[in-house]
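Enquirer: You'll find entry.cif just under this line, and it carries mmCIF, C-alpha atoms and all ligand atoms.
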```cif
data_model
#
loop_
_atom_site.label_atom_id
_atom_site.label_comp_id
_atom_site.auth_asym_id
_atom_site.auth_seq_id
_atom_site.Cartn_x
_atom_site.Cartn_y
_atom_site.Cartn_z
CA MET A 1 46.66 241.11 -39.02
CA THR A 2 46.70 244.89 -39.34
CA VAL A 3 49.21 247.14 -41.02
CA PRO A 4 50.56 248.60 -37.72
CA GLU A 5 51.03 245.08 -36.41
CA ILE A 6 53.04 244.14 -39.47
CA GLU A 7 55.09 247.31 -39.16
CA GLU A 8 55.81 246.37 -35.56
CA ILE A 9 56.99 242.92 -36.63
CA GLY A 10 59.20 244.62 -39.25
CA ARG A 11 60.84 246.86 -36.64
CA LYS A 12 61.56 243.89 -34.44
CA ALA A 13 63.00 241.86 -37.32
CA LYS A 14 65.31 244.68 -38.43
CA GLU A 15 66.56 245.13 -34.90
CA GLU A 16 67.23 241.43 -34.47
CA ILE A 17 68.98 241.05 -37.81
CA ALA A 18 71.24 243.99 -37.09
CA GLY A 19 72.11 242.43 -33.75
CA ALA A 20 72.78 238.90 -34.97
CA GLU A 21 76.33 238.11 -33.91
CA ASN A 22 77.13 235.22 -36.14
CA LEU A 23 75.90 233.30 -39.17
CA LEU A 24 74.24 230.63 -37.09
CA LEU A 25 72.11 233.16 -35.22
CA LEU A 26 71.35 234.91 -38.50
CA ASN A 27 70.09 231.68 -40.01
CA ASP A 28 67.86 231.20 -36.97
CA LEU A 29 66.29 234.59 -37.76
CA ARG A 30 65.78 233.63 -41.41
CA ILE A 31 63.85 230.62 -40.22
CA LYS A 32 61.99 232.62 -37.59
CA TYR A 33 60.62 235.11 -40.13
CA LEU A 34 60.75 233.49 -43.55
CA GLY A 35 60.86 229.78 -42.85
CA ARG A 36 58.03 227.43 -43.69
CA LYS A 37 56.43 228.15 -40.34
CA GLY A 38 57.90 231.67 -40.14
CA ILE A 39 56.04 234.74 -38.90
CA LEU A 40 55.92 236.51 -42.25
CA THR A 41 55.17 233.33 -44.14
CA GLY A 42 52.19 232.89 -41.83
CA ILE A 43 50.93 236.40 -42.53
CA LEU A 44 51.17 235.97 -46.29
CA ARG A 45 49.43 232.63 -46.13
CA GLY A 46 46.62 234.18 -44.05
CA LEU A 47 45.90 236.92 -46.61
CA LYS A 48 43.18 234.89 -48.32
CA ASP A 49 41.13 234.95 -45.11
CA LEU A 50 41.14 238.75 -44.88
CA PRO A 51 38.18 240.83 -46.09
CA GLU A 52 38.54 242.03 -49.70
CA GLY A 53 39.23 245.67 -48.70
CA GLU A 54 42.13 244.91 -46.35
CA ARG A 55 43.72 242.10 -48.29
CA ARG A 56 45.34 244.31 -50.93
CA ASN A 57 46.91 246.78 -48.56
CA VAL A 58 48.08 244.25 -45.98
CA GLY A 59 49.41 242.06 -48.78
CA ARG A 60 51.43 244.88 -50.25
CA ILE A 61 52.94 245.89 -46.90
CA ALA A 62 53.75 242.28 -45.99
CA ASN A 63 55.39 241.61 -49.36
CA LEU A 64 57.46 244.77 -49.08
CA LEU A 65 58.56 243.69 -45.61
CA LYS A 66 59.50 240.29 -46.92
CA GLU A 67 61.71 241.87 -49.62
CA GLU A 68 63.21 244.15 -47.02
CA ILE A 69 63.99 241.33 -44.58
CA LEU A 70 65.54 239.27 -47.40
CA ALA A 71 67.77 242.20 -48.32
CA LEU A 72 68.75 242.84 -44.71
CA LEU A 73 69.57 239.16 -44.14
CA LYS A 74 71.75 239.17 -47.24
CA GLU A 75 73.53 242.31 -46.20
CA ARG A 76 74.12 241.10 -42.66
CA GLU A 77 75.34 237.78 -43.97
CA ALA A 78 77.91 239.52 -46.14
CA THR A 79 79.10 241.56 -43.19
CA LEU A 80 79.40 238.56 -40.87
CA SER A 81 81.14 236.42 -43.50
CA SER A 82 83.86 238.99 -44.01
CA GLN A 83 84.53 239.22 -40.29
CA LYS A 84 87.25 237.14 -38.71
CA PRO A 85 85.71 234.38 -36.65
CA VAL A 86 85.72 235.13 -32.95
CA LEU A 87 87.92 232.52 -31.28
CA PRO A 88 87.06 231.10 -27.90
CA GLU A 89 89.33 232.47 -25.24
CA ILE A 90 92.00 229.81 -25.00
CA ASP A 91 95.71 230.26 -24.86
CA LEU A 92 97.07 228.03 -27.59
CA THR A 93 100.60 228.46 -26.29
CA LEU A 94 99.84 226.75 -22.97
CA PRO A 95 101.40 223.29 -22.68
CA GLY A 96 98.88 220.47 -22.99
CA ARG A 97 97.45 218.77 -19.96
CA ARG A 98 99.13 215.44 -19.34
CA LEU A 99 97.23 212.23 -18.73
CA TRP A 100 99.07 210.24 -16.07
CA ILE A 101 98.88 206.55 -16.71
CA GLY A 102 99.59 204.40 -13.68
CA ARG A 103 101.67 201.27 -13.81
CA ARG A 104 102.90 198.55 -11.52
CA HIS A 105 106.03 199.18 -9.49
CA PRO A 106 109.11 197.52 -11.04
CA ILE A 107 109.54 195.34 -7.95
CA SER A 108 105.95 194.10 -8.28
CA GLN A 109 106.53 193.42 -11.97
CA VAL A 110 109.69 191.41 -11.31
CA LEU A 111 108.03 189.59 -8.40
CA ASP A 112 105.15 188.57 -10.68
CA GLU A 113 107.57 187.47 -13.36
CA ILE A 114 109.52 185.28 -10.92
CA CYS A 115 106.33 183.68 -9.59
CA GLU A 116 105.01 183.06 -13.07
CA ILE A 117 108.13 181.08 -13.99
CA PHE A 118 107.85 178.85 -10.91
CA VAL A 119 104.10 178.44 -11.22
CA GLY A 120 104.80 177.27 -14.77
CA MET A 121 107.00 174.54 -13.25
CA GLY A 122 104.22 173.35 -10.95
CA PHE A 123 104.84 175.39 -7.80
CA LYS A 124 101.82 176.68 -5.90
CA GLU A 125 101.81 180.19 -4.48
CA GLU A 126 101.52 180.57 -0.69
CA ILE A 127 101.34 183.77 1.32
CA GLY A 128 102.46 183.95 4.95
CA PRO A 129 102.06 186.69 7.57
CA GLU A 130 104.53 189.58 7.74
CA ILE A 131 104.26 189.57 11.53
CA GLU A 132 105.69 186.28 12.70
CA ASP A 133 106.43 184.48 15.96
CA GLU A 134 109.89 183.25 16.96
CA TRP A 135 108.93 179.66 16.38
CA HIS A 136 108.24 180.11 12.67
CA ASN A 137 110.92 182.73 11.99
CA PHE A 138 113.68 180.99 13.99
CA SER A 139 113.20 177.93 16.19
CA ALA A 140 111.37 175.66 13.76
CA LEU A 141 114.00 176.60 11.18
CA ASN A 142 116.65 175.12 13.41
CA ILE A 143 117.86 178.49 14.70
CA PRO A 144 117.71 178.04 18.49
CA GLU A 145 117.72 180.96 20.87
CA ASP A 146 121.24 182.14 21.73
CA HIS A 147 122.52 180.60 18.53
CA PRO A 148 124.80 183.05 16.76
CA ALA A 149 122.92 182.32 13.53
CA ARG A 150 120.08 184.49 14.84
CA ASP A 151 122.33 187.42 14.04
CA MET A 152 122.19 186.47 10.37
CA PHE A 153 118.53 187.33 10.49
CA SER A 154 118.37 190.10 13.07
CA SER A 155 114.84 191.41 13.27
CA PHE A 156 112.47 194.15 14.26
CA TYR A 157 110.68 193.03 17.42
CA LEU A 158 107.21 194.19 18.41
CA ASP A 159 106.02 194.78 21.97
CA SER A 160 103.95 191.61 21.78
CA GLY A 161 107.14 189.52 21.48
CA LYS A 162 106.33 188.88 17.84
CA LEU A 163 108.54 190.22 15.09
CA LEU A 164 108.53 191.37 11.50
CA ARG A 165 109.71 188.31 9.58
CA SER A 166 113.33 188.60 8.55
CA HIS A 167 112.95 186.16 5.65
CA THR A 168 110.22 184.23 3.86
CA SER A 169 111.48 180.88 5.21
CA PRO A 170 108.83 180.81 8.00
CA VAL A 171 106.28 180.18 5.24
CA GLN A 172 108.05 176.82 4.67
CA ILE A 173 107.20 175.90 8.24
CA ARG A 174 103.61 177.07 8.03
CA VAL A 175 103.00 174.96 4.94
CA MET A 176 104.83 171.88 6.24
CA GLU A 177 102.91 172.03 9.52
CA ARG A 178 99.67 172.02 7.61
CA GLU A 179 100.26 169.84 4.56
CA ARG A 180 101.83 166.47 3.82
CA PRO A 181 104.26 165.78 0.98
CA PRO A 182 104.39 166.12 -1.92
CA ILE A 183 104.71 169.84 -1.20
CA ARG A 184 105.81 172.23 -3.92
CA ILE A 185 105.30 175.90 -3.11
CA ILE A 186 106.71 179.36 -3.63
CA ALA A 187 106.12 182.14 -1.13
CA PRO A 188 106.63 185.68 -2.36
CA GLY A 189 106.60 188.57 0.07
CA ARG A 190 108.08 191.41 2.02
CA VAL A 191 110.76 190.86 4.66
CA PHE A 192 112.32 193.17 7.22
CA ARG A 193 115.80 193.62 8.68
CA PRO A 194 117.23 196.47 10.71
CA ASP A 195 119.72 197.47 8.01
CA ASP A 196 120.41 201.03 6.96
CA PHE A 197 119.68 202.03 3.40
CA ASP A 198 122.63 201.79 1.08
CA ALA A 199 123.20 200.79 -2.54
CA SER A 200 122.46 197.13 -1.78
CA HIS A 201 120.47 197.16 1.49
CA ALA A 202 117.10 198.36 2.71
CA PRO A 203 115.22 197.81 5.98
CA ASN A 204 112.53 196.06 4.03
CA PHE A 205 112.84 194.19 0.78
CA HIS A 206 111.30 191.21 -0.99
CA GLN A 207 112.02 187.53 -1.30
CA VAL A 208 110.56 184.56 -3.08
CA GLU A 209 110.87 181.36 -1.07
CA GLY A 210 110.74 178.00 -2.76
CA LEU A 211 110.16 174.60 -1.18
CA TYR A 212 109.84 171.12 -2.62
CA VAL A 213 109.42 168.12 -0.32
CA ASP A 214 108.73 164.61 -1.54
CA GLU A 215 110.25 161.13 -1.64
CA GLY A 216 113.60 161.12 -3.41
CA VAL A 217 114.09 164.87 -3.94
CA THR A 218 117.79 165.52 -4.56
CA PHE A 219 120.22 168.38 -4.92
CA ALA A 220 120.22 167.67 -8.66
CA ASP A 221 116.50 168.52 -8.73
CA LEU A 222 117.29 171.80 -7.03
CA LYS A 223 120.00 172.61 -9.56
CA GLY A 224 117.79 171.75 -12.51
CA THR A 225 114.92 173.89 -11.25
CA LEU A 226 117.13 176.88 -10.53
CA ARG A 227 118.86 176.57 -13.89
CA GLU A 228 115.50 176.57 -15.65
CA PHE A 229 114.50 179.64 -13.66
CA CYS A 230 117.71 181.57 -14.39
CA GLN A 231 117.56 180.84 -18.10
CA LYS A 232 113.95 182.02 -18.28
CA MET A 233 114.72 185.12 -16.24
CA PHE A 234 118.10 186.18 -17.61
CA GLY A 235 118.42 184.36 -20.95
CA GLN A 236 119.72 181.06 -22.27
CA GLY A 237 123.36 182.13 -22.24
CA ILE A 238 123.48 182.71 -18.49
CA LYS A 239 126.04 180.75 -16.46
CA MET A 240 125.45 179.68 -12.85
CA ARG A 241 127.75 178.99 -9.96
CA PHE A 242 126.92 177.07 -6.78
CA LEU A 243 129.19 177.82 -3.81
CA PRO A 244 129.03 175.94 -0.50
CA SER A 245 127.42 178.09 2.17
CA TYR A 246 125.72 177.86 5.53
CA PHE A 247 122.11 178.19 6.61
CA PRO A 248 120.85 176.53 9.79
CA PHE A 249 117.77 175.18 8.02
CA THR A 250 119.47 173.55 5.03
CA GLU A 251 122.21 170.93 4.78
CA PRO A 252 124.10 171.09 2.57
CA SER A 253 123.61 174.78 1.77
CA ALA A 254 124.71 176.77 -1.23
CA GLU A 255 124.66 180.27 -2.54
CA VAL A 256 123.98 180.71 -6.20
CA ALA A 257 125.51 183.34 -8.42
CA ILE A 258 125.01 184.03 -12.11
CA SER A 259 127.60 185.26 -14.56
CA CYS A 260 127.69 189.04 -14.51
CA VAL A 261 125.13 190.41 -16.97
CA ASN A 262 127.29 193.48 -17.42
CA CYS A 263 130.71 192.04 -18.29
CA TYR A 264 129.73 188.40 -18.98
CA GLY A 265 132.25 187.14 -16.45
CA SER A 266 135.36 189.10 -17.26
CA GLY A 267 135.04 191.32 -14.18
CA CYS A 268 133.63 194.84 -13.81
CA GLN A 269 132.31 197.25 -11.19
CA THR A 270 128.85 195.67 -11.03
CA CYS A 271 130.32 192.30 -9.98
CA LYS A 272 133.19 193.91 -8.08
CA GLY A 273 135.67 192.28 -10.41
CA THR A 274 134.53 188.73 -9.65
CA GLY A 275 132.48 188.11 -12.79
CA TRP A 276 129.62 186.74 -10.61
CA LEU A 277 126.45 188.16 -9.08
CA GLU A 278 124.87 186.44 -6.10
CA ILE A 279 121.11 186.01 -6.34
CA LEU A 280 119.91 183.39 -3.88
CA GLY A 281 120.57 181.03 -0.99
CA CYS A 282 119.43 177.42 -1.10
CA GLY A 283 120.02 173.90 0.09
CA MET A 284 118.48 170.59 1.11
CA VAL A 285 115.93 170.99 3.90
CA HIS A 286 117.61 170.09 7.21
CA PRO A 287 116.23 166.83 8.70
CA GLN A 288 115.53 168.65 11.97
CA VAL A 289 113.31 171.15 10.14
CA LEU A 290 111.28 168.29 8.66
CA ARG A 291 111.05 166.69 12.09
CA ASN A 292 109.86 169.99 13.58
CA CYS A 293 106.92 169.79 11.19
CA ALA A 294 106.26 166.09 11.84
CA ILE A 295 107.56 165.02 8.45
CA ASP A 296 109.68 161.88 8.51
CA PRO A 297 113.20 162.72 7.22
CA GLU A 298 113.91 159.02 6.68
CA ARG A 299 111.19 158.91 4.08
CA TYR A 300 111.14 162.44 2.69
CA THR A 301 113.76 164.86 1.48
CA GLY A 302 113.36 168.36 0.16
CA TYR A 303 115.07 171.42 -1.17
CA ALA A 304 114.48 175.07 -0.39
CA PHE A 305 115.67 178.36 -1.79
CA GLY A 306 115.27 182.04 -1.00
CA LEU A 307 115.61 184.56 -3.78
CA GLY A 308 116.17 188.31 -3.38
CA VAL A 309 113.69 190.10 -5.62
CA GLU A 310 115.45 193.48 -5.55
CA ARG A 311 118.67 191.69 -6.42
CA VAL A 312 117.07 190.06 -9.45
CA ALA A 313 115.48 193.34 -10.53
CA MET A 314 118.79 195.18 -10.19
CA ILE A 315 120.58 192.59 -12.29
CA LYS A 316 117.85 192.33 -14.90
CA TYR A 317 117.54 196.08 -15.38
CA ARG A 318 121.15 197.00 -14.52
CA ILE A 319 120.11 199.22 -11.61
CA PRO A 320 123.23 200.29 -9.69
CA ASP A 321 121.50 201.40 -6.47
CA MET A 322 118.65 199.69 -4.63
CA ARG A 323 117.45 202.97 -3.14
CA LEU A 324 116.12 203.97 -6.56
CA PHE A 325 113.29 201.47 -6.05
CA TYR A 326 112.05 203.21 -2.93
CA GLU A 327 112.38 206.90 -3.74
CA ASN A 328 109.29 207.01 -5.93
CA ASP A 329 110.93 209.31 -8.42
CA LEU A 330 108.58 209.21 -11.40
CA ARG A 331 111.45 209.72 -13.84
CA PHE A 332 112.77 206.35 -12.63
CA LEU A 333 109.45 204.52 -12.22
CA GLU A 334 108.25 205.51 -15.68
CA GLU A 335 111.10 203.59 -17.26
CA PHE A 336 109.35 200.30 -16.48
N1 LIG B 401 116.15 182.51 4.20
C1 LIG B 401 117.46 182.70 3.65
C2 LIG B 401 117.79 184.19 3.66
O1 LIG B 401 116.97 184.98 3.92
C3 LIG B 401 117.54 182.19 2.23
C4 LIG B 401 117.34 180.73 2.12
C5 LIG B 401 116.07 180.21 1.93
C6 LIG B 401 118.40 179.86 2.21
C7 LIG B 401 115.87 178.86 1.81
C8 LIG B 401 118.23 178.49 2.10
C9 LIG B 401 116.95 178.01 1.89
O2 LIG B 401 118.91 184.56 3.38
#
```
Take the structure I supplied and represent it as structure tokens, if you would.
Ligand code: PHE
Expert:
Amino acid sequence: MTVPEIEEIGRKAKEEIAGAENLLLLNDLRIKYLGRKGILTGILRGLKDLPEGERRNVGRIANLLKEEILALLKEREATLSSQKPVLPEIDLTLPGRRLWIGRRHPISQVLDEICEIFVGMGFKEEIGPEIEDEWHNFSALNIPEDHPARDMFSSFYLDSGKLLRSHTSPVQIRVMERERPPIRIIAPGRVFRPDDFDASHAPNFHQVEGLYVDEGVTFADLKGTLREFCQKMFGQGIKMRFLPSYFPFTEPSAEVAISCVNCYGSGCQTCKGTGWLEILGCGMVHPQVLRNCAIDPERYTGYAFGLGVERVAMIKYRIPDMRLFYENDLRFLEEF
């Protein structure tokens, strides 16, 4: 190592130290020149290998440079420390970025909750097709063609002559055609009717069908099961009312209402002053329906019910308008 070479290293070091932009970079330079494996450290360590004549001079120059670099590092460090740190270019006043967390639709949540209660009572879940034929949607359910009852379940027809099911009751038929009693199923799903949207109607909505067929099934069994369901769903204090009704596929038929969750029966807007909210239709499976599925009505009896899921959700969460479920307004959906 010659004196001019050392002087060259010195120039470079001074330049780099002056240009170091922060303390981290400055420390890198300290290591580069004066560290254990640093350039200058190497030169000083190599002195002993130089010829006697050169050693003194080179040693002096190198030691001077070392002192100089130390002083420069110290000076630069003081300068950098007193400077304000340079902040990355972010605008701290910008609102934070929001993480959107998805969740299940309230109707799906309520549907699951309903099914869970019935599964807990021993019902098995069955799924039927949304596109049905007239046999399963009507005829097998004791709704003959030209019978005015078809109007109760007016439907969307497809070109093929099939239709979008207007209730989940056709799943009763599909199961009874295939299985022998004891049969105990629920069938959740989407149903379709050509109704306009309003506060309590939509062209498609959801039902949970229930069916229990066995020897000796009675209306009392139906009442007990539905009571258990309503208490689990709406609370122990809930009151129920069974009113005689008509469905072609059940005899006798009933519609079930619960005491208004809003006014507890004294009458308000939600229950239109009646104190009751209707939630489902039910009855004892009509003997002709059993016969249509080759089940002997002399031996077997059964009950069936059809529950409106939107209805239940509206009552449970005090939703005044069914359309809220379908508008996909996040301010609404995020409440669930
Ligand atoms: N399917 C009927 C409806 O959609 C409800 C129902 C089901 C009634 C089962 C009695 C028995 O309104």
Enquirer: Residues of chain A that approach ligand LIG 401 (chain B) to 7 Å or less, counting only C-alpha atoms and all ligand atoms: could you list each one with the shortest pair of atoms and its distance in Å to one decimal, rows by chain and increasing residue number, as CSV?
Expert:
```
residue,atom,partner,partner_atom,distance
A:Ser166,CA,B:LIG401,O1,6.9
A:His167,CA,B:LIG401,O1,4.5
A:Thr168,CA,B:LIG401,N1,6.2
A:Ser169,CA,B:LIG401,N1,5.0
A:Glu209,CA,B:LIG401,C5,6.1
A:Gly210,CA,B:LIG401,C7,6.9
A:Phe247,CA,B:LIG401,C8,6.0
A:Phe249,CA,B:LIG401,C8,6.8
A:Thr250,CA,B:LIG401,C8,5.9
A:Ser253,CA,B:LIG401,C8,6.5
A:Leu280,CA,B:LIG401,C3,6.7
A:Gly281,CA,B:LIG401,C6,4.0
A:Cys282,CA,B:LIG401,C8,3.6
A:Gly283,CA,B:LIG401,C8,5.3
A:Ala304,CA,B:LIG401,C9,4.5
A:Phe305,CA,B:LIG401,C7,3.6
A:Gly306,CA,B:LIG401,C5,3.5
A:Leu307,CA,B:LIG401,C3,6.7
```
Enquirer: Name the residues in contact with Trp135 of chain A at a cut-off of 10 Å, using all atoms listed in the file, excluding same-chain residues fewer than 3 positions from it; report them as a PDB file with C-alpha atoms, in the frame of the given file.
Expert:
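Output file out_11.pdb is given in full below:
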```pdb
ATOM      1  CA  GLU A 132     105.690 186.280  12.700  1.00  0.00           C
ATOM      2  CA  PHE A 138     113.680 180.990  13.990  1.00  0.00           C
ATOM      3  CA  SER A 139     113.200 177.930  16.190  1.00  0.00           C
ATOM      4  CA  ALA A 140     111.370 175.660  13.760  1.00  0.00           C
ATOM      5  CA  LEU A 141     114.000 176.600  11.180  1.00  0.00           C
ATOM      6  CA  ASN A 142     116.650 175.120  13.410  1.00  0.00           C
ATOM      7  CA  ILE A 143     117.860 178.490  14.700  1.00  0.00           C
ATOM      8  CA  PRO A 144     117.710 178.040  18.490  1.00  0.00           C
ATOM      9  CA  GLU A 145     117.720 180.960  20.870  1.00  0.00           C
ATOM     10  CA  LYS A 162     106.330 188.880  17.840  1.00  0.00           C
ATOM     11  CA  PRO A 170     108.830 180.810   8.000  1.00  0.00           C
ATOM     12  CA  ILE A 173     107.200 175.900   8.240  1.00  0.00           C
TER      13      ILE A 173
END
```
Enquirer: Which neighbours of Gly275 of chain A fall inside 6 Å, counting all atoms listed in the file, when residues of the same chain fewer than 3 positions from it are skipped, and could you give them as a ChimeraX atom specification?
Expert: /A:259-260,265-267,271
Enquirer: Would you save the residues from that selection as a CSV table (one decimal), keeping the file's coordinate frame, using C-alpha atoms?
Expert:
```csv
chain,number,residue,atom,x,y,z
A,259,SER,CA,127.6,185.3,-14.6
A,260,CYS,CA,127.7,189.0,-14.5
A,265,GLY,CA,132.2,187.1,-16.4
A,266,SER,CA,135.4,189.1,-17.3
A,267,GLY,CA,135.0,191.3,-14.2
A,271,CYS,CA,130.3,192.3,-10.0
```
Enquirer: Taking into account only C-alpha atoms, which residue in the set A:Glu21, A:Glu278, A:Glu177, A:Glu298 is nearest to Val86 of chain A?
Expert: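 Ranked by minimum distance to Val86 of chain A, first place goes to A:Glu21.
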Enquirer: Residues within 10 Å of Val175 of chain A, please, as a list of chain:residue names. Count all atoms listed in the file; anything in the same chain fewer than 5 positions from it doesn't count.
Expert: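 Once the adjacent positions are removed, what remains is A:Glu126, A:Ile127, A:Gly128, A:Pro170, A:Arg180, A:Ile183, A:Arg184, A:Ile185, A:Ala187, A:Leu211, A:Cys293.
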Enquirer: Would you mind listing what lies within 9 Å of Phe229 of chain A as a list in words, with all atoms listed in the file counted and same-chain residues fewer than 3 positions away left out?
Expert: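 Surrounding residues, per the criterion: Ile114, Ile117, Phe118, Gly224, Thr225, Leu226, Lys232, Met233 and Phe234 of chain A.
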Enquirer: Would you mind listing what lies within 7 Å of segment 237-241 of chain A as a compact mmCIF listing (two decimals) with C-alpha atoms, in the coordinates of the input, with only C-alpha atoms counted and same-chain residues fewer than 6 positions away left out?
Expert:
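Result file out-v2.txt:
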```txt
# COMPACT_ATOMS: atom_id res chain seq x y z
CA GLN A 231 117.56 180.84 -18.10
CA VAL A 256 123.98 180.71 -6.20
CA ALA A 257 125.51 183.34 -8.42
CA ILE A 258 125.01 184.03 -12.11
CA SER A 259 127.60 185.26 -14.56
```
Enquirer: For segment 268-286 of chain A, I'd like the enclosing box, axis-aligned and padded by 4 Å on every side, reported as JSON with centre and edge lengths in Å to one decimal.
Expert:
```
{"center_x": 125.8, "center_y": 183.7, "center_z": -3.3, "size_x": 27.7, "size_y": 35.2, "size_z": 29.0}
```
Enquirer: Could you work out how far atom CA of Glu125 of chain A lies from atom CA of Val110 of chain A, giving the answer in Å with one decimal?
Expert: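 One can read the atom CA of Val110 of chain A to atom CA of Glu125 of chain A distance as 15.3 Å.
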Enquirer: What is the atom CA of Glu7 of chain A-atom CA of Arg30 of chain A distance in Å, reported with one decimal?
Expert: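 These two atoms are separated by 17.5 Å.
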Enquirer: Would you compute the distance between atom CA of Ala149 of chain A and atom CA of Asn137 of chain A? Give it in Å to one decimal.
Expert: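 Interatomic distance here is 12.1 Å.
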Enquirer: What would segment 268-274 of chain A look like if you wrote it out as a PDB file, in the first residue's frame, with all heavy atoms included, from the block I just posted?
Expert:
```pdb
ATOM      1  N   CYS A 268    -100.945  -3.549  18.074  1.00  0.00           N
ATOM      2  CA  CYS A 268    -100.110  -2.431  17.605  1.00  0.00           C
ATOM      3  C   CYS A 268    -100.094  -2.460  16.080  1.00  0.00           C
ATOM      4  O   CYS A 268    -100.795  -3.231  15.460  1.00  0.00           O
ATOM      5  CB  CYS A 268     -98.698  -2.542  18.180  1.00  0.00           C
ATOM      6  SG  CYS A 268     -97.766  -3.936  17.508  1.00  0.00           S
ATOM      7  N   GLN A 269     -99.222  -1.638  15.492  1.00  0.00           N
ATOM      8  CA  GLN A 269     -99.162  -1.560  14.033  1.00  0.00           C
ATOM      9  C   GLN A 269     -98.610  -2.850  13.416  1.00  0.00           C
ATOM     10  O   GLN A 269     -99.093  -3.319  12.395  1.00  0.00           O
ATOM     11  CB  GLN A 269     -98.272  -0.381  13.632  1.00  0.00           C
ATOM     12  CG  GLN A 269     -99.025   0.648  12.821  1.00  0.00           C
ATOM     13  CD  GLN A 269     -98.061   1.645  12.203  1.00  0.00           C
ATOM     14  OE1 GLN A 269     -96.925   1.809  12.650  1.00  0.00           O
ATOM     15  NE2 GLN A 269     -98.504   2.303  11.161  1.00  0.00           N
ATOM     16  N   THR A 270     -97.581  -3.410  14.078  1.00  0.00           N
ATOM     17  CA  THR A 270     -96.941  -4.618  13.559  1.00  0.00           C
ATOM     18  C   THR A 270     -97.961  -5.736  13.358  1.00  0.00           C
ATOM     19  O   THR A 270     -97.957  -6.429  12.342  1.00  0.00           O
ATOM     20  CB  THR A 270     -95.843  -5.099  14.527  1.00  0.00           C
ATOM     21  OG1 THR A 270     -94.991  -4.000  14.831  1.00  0.00           O
ATOM     22  CG2 THR A 270     -95.024  -6.226  13.926  1.00  0.00           C
ATOM     23  N   CYS A 271     -98.872  -5.897  14.332  1.00  0.00           N
ATOM     24  CA  CYS A 271     -99.856  -6.988  14.246  1.00  0.00           C
ATOM     25  C   CYS A 271    -101.198  -6.467  13.752  1.00  0.00           C
ATOM     26  O   CYS A 271    -102.208  -7.153  13.861  1.00  0.00           O
ATOM     27  CB  CYS A 271     -99.991  -7.666  15.601  1.00  0.00           C
ATOM     28  SG  CYS A 271    -100.466  -6.550  16.931  1.00  0.00           S
ATOM     29  N   LYS A 272    -101.191  -5.270  13.233  1.00  0.00           N
ATOM     30  CA  LYS A 272    -102.410  -4.623  12.720  1.00  0.00           C
ATOM     31  C   LYS A 272    -103.531  -4.641  13.757  1.00  0.00           C
ATOM     32  O   LYS A 272    -104.696  -4.897  13.452  1.00  0.00           O
ATOM     33  CB  LYS A 272    -102.868  -5.275  11.425  1.00  0.00           C
ATOM     34  CG  LYS A 272    -101.795  -5.196  10.329  1.00  0.00           C
ATOM     35  CD  LYS A 272    -102.348  -5.470   8.941  1.00  0.00           C
ATOM     36  CE  LYS A 272    -101.261  -5.399   7.900  1.00  0.00           C
ATOM     37  NZ  LYS A 272    -100.415  -6.628   7.876  1.00  0.00           N
ATOM     38  N   GLY A 273    -103.153  -4.440  14.993  1.00  0.00           N
ATOM     39  CA  GLY A 273    -104.151  -4.325  16.056  1.00  0.00           C
ATOM     40  C   GLY A 273    -104.686  -5.636  16.590  1.00  0.00           C
ATOM     41  O   GLY A 273    -105.473  -5.651  17.525  1.00  0.00           O
ATOM     42  N   THR A 274    -104.259  -6.774  15.989  1.00  0.00           N
ATOM     43  CA  THR A 274    -104.849  -8.050  16.389  1.00  0.00           C
ATOM     44  C   THR A 274    -104.136  -8.676  17.578  1.00  0.00           C
ATOM     45  O   THR A 274    -104.702  -9.546  18.246  1.00  0.00           O
ATOM     46  CB  THR A 274    -104.781  -9.075  15.232  1.00  0.00           C
ATOM     47  OG1 THR A 274    -103.390  -9.340  14.967  1.00  0.00           O
ATOM     48  CG2 THR A 274    -105.441  -8.534  13.982  1.00  0.00           C
TER      49      THR A 274
END
```
